[in-house]
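A.B. asks: What follows is coords-v5.txt, compact mmCIF, C-alpha atoms.
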# COMPACT_ATOMS: atom_id res chain seq x y z
CA SER X 25 -1.77 -6.38 -5.36
CA PHE X 26 -3.31 -4.43 -2.50
CA VAL X 27 -1.16 -3.70 0.56
CA GLU X 28 -1.32 -1.48 3.62
CA LEU X 29 1.47 0.21 5.52
CA TYR X 30 0.54 0.17 9.20
CA LEU X 31 3.00 1.02 11.98
CA GLU X 32 5.84 0.69 9.45
CA LYS X 33 4.82 -2.86 8.44
CA LEU X 34 3.62 -3.85 4.95
CA LEU X 35 0.64 -6.22 5.05
CA ASP X 36 -1.24 -7.96 2.22
CA LEU X 37 -4.89 -6.87 2.14
CA LEU X 38 -5.83 -9.59 -0.38
CA ASN X 39 -4.37 -12.32 1.84
CA PRO X 40 -5.18 -11.06 5.35
CA GLY X 41 -5.08 -14.50 6.96
CA GLU X 42 -1.39 -14.83 6.18
CA MET X 43 -0.42 -11.85 8.41
CA GLN X 44 3.15 -12.12 7.13
CA GLN X 45 5.09 -8.91 6.80
CA LEU X 46 5.93 -8.16 3.18
CA THR X 47 9.26 -6.79 2.05
CA LEU X 48 10.37 -4.27 -0.55
CA VAL X 49 12.86 -5.60 -3.11
CA GLN X 50 15.03 -3.39 -5.33
CA GLU X 51 15.27 -4.76 -8.88
CA TYR X 52 18.63 -5.01 -10.65
CA ASP X 53 19.35 -5.29 -14.36
CA GLY X 54 21.20 -8.61 -14.13
CA ASP X 55 23.39 -7.68 -17.10
CA GLU X 56 26.55 -9.69 -16.42
CA ALA X 57 28.61 -7.60 -18.90
CA ALA X 58 27.78 -4.50 -16.88
CA GLY X 59 28.51 -6.24 -13.59
CA GLY X 60 24.88 -7.17 -12.93
CA SER X 61 24.61 -4.81 -10.02
CA SER X 62 23.12 -1.59 -11.35
CA SER X 63 19.64 -0.82 -10.14
CA THR X 64 16.81 -0.59 -12.67
CA GLY X 65 14.97 1.78 -10.34
CA ALA X 66 12.12 -0.70 -10.02
CA VAL X 67 10.87 -1.75 -6.62
CA ARG X 68 8.48 -4.62 -6.01
CA ILE X 69 6.70 -5.95 -2.96
CA ALA X 70 7.84 -9.52 -2.36
CA GLY X 71 5.13 -11.86 -1.14
CA ALA X 72 2.13 -9.70 -2.08
CA ALA X 73 -0.74 -11.56 -3.77
CA GLU X 74 -1.20 -10.86 -7.48
CA LEU X 75 -4.64 -11.74 -8.78
CA CYS X 76 -5.87 -11.68 -12.37
CA CYS X 77 -8.77 -9.41 -13.33
CA ILE X 78 -10.64 -9.75 -16.60
CA ASP X 79 -12.71 -6.57 -16.45
CA GLU X 80 -13.41 -3.53 -14.28
CA SER X 81 -15.93 -5.38 -12.10
CA ASP X 82 -13.13 -7.75 -11.02
CA VAL X 83 -10.99 -4.74 -10.10
CA PHE X 84 -13.81 -3.18 -8.05
CA LYS X 85 -14.34 -6.49 -6.21
CA LEU X 86 -10.65 -6.63 -5.26
CA LEU X 87 -10.74 -3.01 -4.09
CA ALA X 88 -13.79 -3.73 -1.92
CA ARG X 89 -12.28 -6.96 -0.56
CA GLY X 90 -8.98 -5.34 0.36
CA SER X 91 -10.58 -2.17 1.75
CA ALA X 92 -12.66 -4.28 4.14
CA CYS X 93 -9.40 -5.60 5.65
CA ARG X 94 -7.78 -2.22 6.31
CA THR X 95 -6.87 -1.14 9.81
CA MET X 96 -9.67 1.21 10.91
CA SER X 97 -10.70 2.92 14.10
CA SER X 98 -12.67 5.83 15.40
CA THR X 99 -10.96 9.21 15.82
CA GLU X 100 -12.10 12.63 16.94
CA MET X 101 -12.55 13.61 13.29
CA ASN X 102 -14.11 10.44 11.80
CA THR X 103 -16.15 7.50 13.04
CA ASP X 104 -14.42 5.12 10.60
CA SER X 105 -10.91 6.32 9.89
CA SER X 106 -8.22 4.31 8.14
CA ARG X 107 -5.13 4.19 10.31
CA SER X 108 -2.86 3.02 7.50
CA HIS X 109 -1.67 3.97 4.05
CA ALA X 110 -2.92 1.65 1.29
CA ILE X 111 -1.45 0.94 -2.15
CA PHE X 112 -3.43 -0.81 -4.90
CA ILE X 113 -1.11 -1.92 -7.71
CA MET X 114 -2.59 -2.84 -11.05
CA ARG X 115 -0.42 -4.34 -13.78
CA VAL X 116 -1.97 -3.89 -17.20
CA GLU X 117 -0.76 -5.98 -20.14
CA GLN X 118 -1.49 -5.31 -23.78
CA HIS X 119 -0.84 -8.08 -26.29
CA ASP X 120 -0.28 -7.03 -29.92
CA LYS X 121 -1.68 -9.93 -31.96
CA LEU X 122 0.18 -8.87 -35.12
CA THR X 123 3.67 -8.48 -33.69
CA GLY X 124 3.38 -10.63 -30.56
CA VAL X 125 4.78 -7.76 -28.49
CA ILE X 126 3.53 -7.53 -24.92
CA THR X 127 3.48 -4.06 -23.34
CA THR X 128 3.20 -3.87 -19.56
CA SER X 129 2.31 -0.86 -17.43
CA HIS X 130 1.79 -0.45 -13.70
CA LEU X 131 -0.77 1.81 -12.08
CA HIS X 132 -0.30 2.60 -8.38
CA MET X 133 -3.29 4.03 -6.51
CA VAL X 134 -2.43 5.30 -3.05
CA ASP X 135 -4.75 6.18 -0.17
CA LEU X 136 -2.88 8.02 2.56
CA ALA X 137 -3.99 7.98 6.19
CA GLY X 138 -4.90 11.43 7.41
CA SER X 139 -2.69 13.39 9.72
CA GLU X 140 -4.38 14.12 13.02
CA MET X 141 -3.33 15.66 16.25
CA ALA X 142 -3.22 12.85 18.77
CA ASN X 143 -5.44 13.68 21.73
CA PRO X 144 -5.03 10.59 23.89
CA ASN X 145 -7.80 11.65 26.28
CA ALA X 146 -10.65 11.50 23.73
CA ALA X 147 -9.62 8.88 21.20
CA ALA X 148 -7.99 6.57 23.71
CA ALA X 149 -10.99 6.68 25.98
CA GLN X 150 -13.04 5.17 23.16
CA ARG X 151 -10.45 2.48 22.43
CA GLY X 152 -9.02 2.07 25.91
CA ASP X 153 -5.37 2.42 24.87
CA ALA X 154 -3.71 5.85 24.77
CA SER X 155 -0.28 4.53 23.78
CA ALA X 156 -1.64 2.74 20.69
CA VAL X 157 -3.38 5.91 19.49
CA GLN X 158 -0.24 7.96 20.02
CA MET X 159 1.90 5.35 18.23
CA GLU X 160 -0.46 5.32 15.22
CA ALA X 161 -0.42 9.12 15.02
CA LYS X 162 3.37 9.20 15.33
CA MET X 163 3.90 6.64 12.55
CA VAL X 164 1.32 8.22 10.22
CA ASN X 165 2.82 11.67 10.67
CA LYS X 166 6.37 10.32 10.24
CA SER X 167 5.53 8.63 6.94
CA LEU X 168 3.59 11.66 5.67
CA MET X 169 6.61 13.85 6.45
CA ALA X 170 8.90 11.43 4.55
CA LEU X 171 6.55 11.63 1.55
CA HIS X 172 6.49 15.44 1.84
CA ASN X 173 10.30 15.51 1.80
CA CYS X 174 10.42 13.25 -1.28
CA ILE X 175 7.99 15.46 -3.18
CA ARG X 176 9.89 18.64 -2.30
CA ALA X 177 13.29 17.15 -3.25
Would you put the structure from the file into structure tokens?

C.D. replies:
Amino acid sequence: SFVELYLEKLLDLLNPGEMQQLTLVQEYDGDEAAGGSSSTGAVRIAGAAELCCIDESDVFKLLARGSACRTMSSTEMNTDSSRSHAIFIMRVEQHDKLTGVITTSHLHMVDLAGSEMANPNAAAAQRGDASAVQMEAKMVNKSLMALHNCIRA
């Protein structure tokens, strides 16, 4: 899966035509004896495309395809600046042919949008919309601060 968080909305970068907002779902253990309501700690993104890759070239193609769909614009610091956070999620399965056991791991690669001081006069003049630039900066900085607080906790 490859998703972006833009203005507090999760969007699927591998299915950009859908433009449906994705949702986060907390996983539960489902153990009826234990009440079936304790959280496993796992979170998944409901509705995000999951595509199969055979080798690393398939992975690189998906990264390129999704990256081309990211929300970008020009800022004072960069000509092409991503205005969103992106998360590439790779599930890797290993099948043991002797025992039949399947081991699954998840790798999350995250690209965070940069924090910038919003100068509506310069950036907005290029794009023609000061309020959109300020809203992007506000949301990016808010989410970066939330991440900062999680790391420091």

A.B. asks: Go through X:Ser97, X:Ser167, X:Gln44, X:Gln50 and flag the residue nearest Val67 in chain X, using all atoms listed in the file for the distances.

C.D. replies: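 When distances to Val67 in chain X are compared using all atoms listed in the file, the smallest one comes from X:Gln50.
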
A.B. asks: Just checking: using only C-alpha atoms, which residue out of X:Glu117, X:Glu160, X:Glu51, X:Asp79 ends up closest to Ala137 in chain X?

C.D. replies: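 Comparing X:Glu117, X:Glu160, X:Glu51, X:Asp79 against Ala137 in chain X, the winner is X:Glu160.
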
A.B. asks: Measuring between only C-alpha atoms, which one of X:Leu34, X:Val157, X:Val134, X:Ile111 shows the shortest distance to Leu48 in chain X?

C.D. replies: X:Leu34

A.B. asks: Which residue out of X:Ile113, X:Leu131, X:Lys33, X:Gln118 has the minimum interatomic distance to Gly90 in chain X when only C-alpha atoms are used?

C.D. replies: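 Of X:Ile113, X:Leu131, X:Lys33, X:Gln118, the one nearest Gly90 in chain X, counting only C-alpha atoms, is X:Ile113.
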
A.B. asks: Find the residues around Asp135 in chain X up to 10 Å (only C-alpha atoms counted), leave out those fewer than 6 positions away in its own chain, and share them as a ChimeraX atom specification.

C.D. replies: /X:28,106,108-112

A.B. asks: Mind pulling up the distance from CA of Gly138 in chain X to CA of Glu74 in chain X?

C.D. replies: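 Atom-to-atom, CA of Glu74 in chain X to CA of Gly138 in chain X, that is 27.1 Å.
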
A.B. asks: I need the residue nearest Met133 in chain X from this list: X:Arg89, X:Arg115, X:His172, X:Arg107. Use only C-alpha atoms for the distance.

C.D. replies: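 Closest residue, counting only C-alpha atoms: X:Arg115.
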
A.B. asks: Under the rule that all atoms listed in the file are counted, which of X:Ile126, X:Ala92, X:Leu31, X:Leu37 is the nearest residue to Ala73 in chain X?

C.D. replies: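 Of the candidates, the smallest distance to Ala73 in chain X is held by X:Leu37.
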
A.B. asks: To one decimal in Å, tell me the separation between CA of Ala70 in chain X and CA of Met114 in chain X.

C.D. replies: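 Pair CA of Ala70 in chain X / CA of Met114 in chain X returns 15.1 Å.
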
A.B. asks: To one decimal place in Å, what is the distance between CA of His130 in chain X and CA of Met163 in chain X?

C.D. replies: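 CA of Met163 in chain X lies 27.3 Å from CA of His130 in chain X.
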
A.B. asks: With 4 Å of padding per side, what axis-aligned box (centre and edge lengths, Å, one decimal) covers all the listed atoms of range 112-118 of chain X? Give it as lines of an AutoDock Vina configuration file.

C.D. replies:
center_x = -1.9
center_y = -3.4
center_z = -14.3
size_x = 11.0
size_y = 13.2
size_z = 26.9
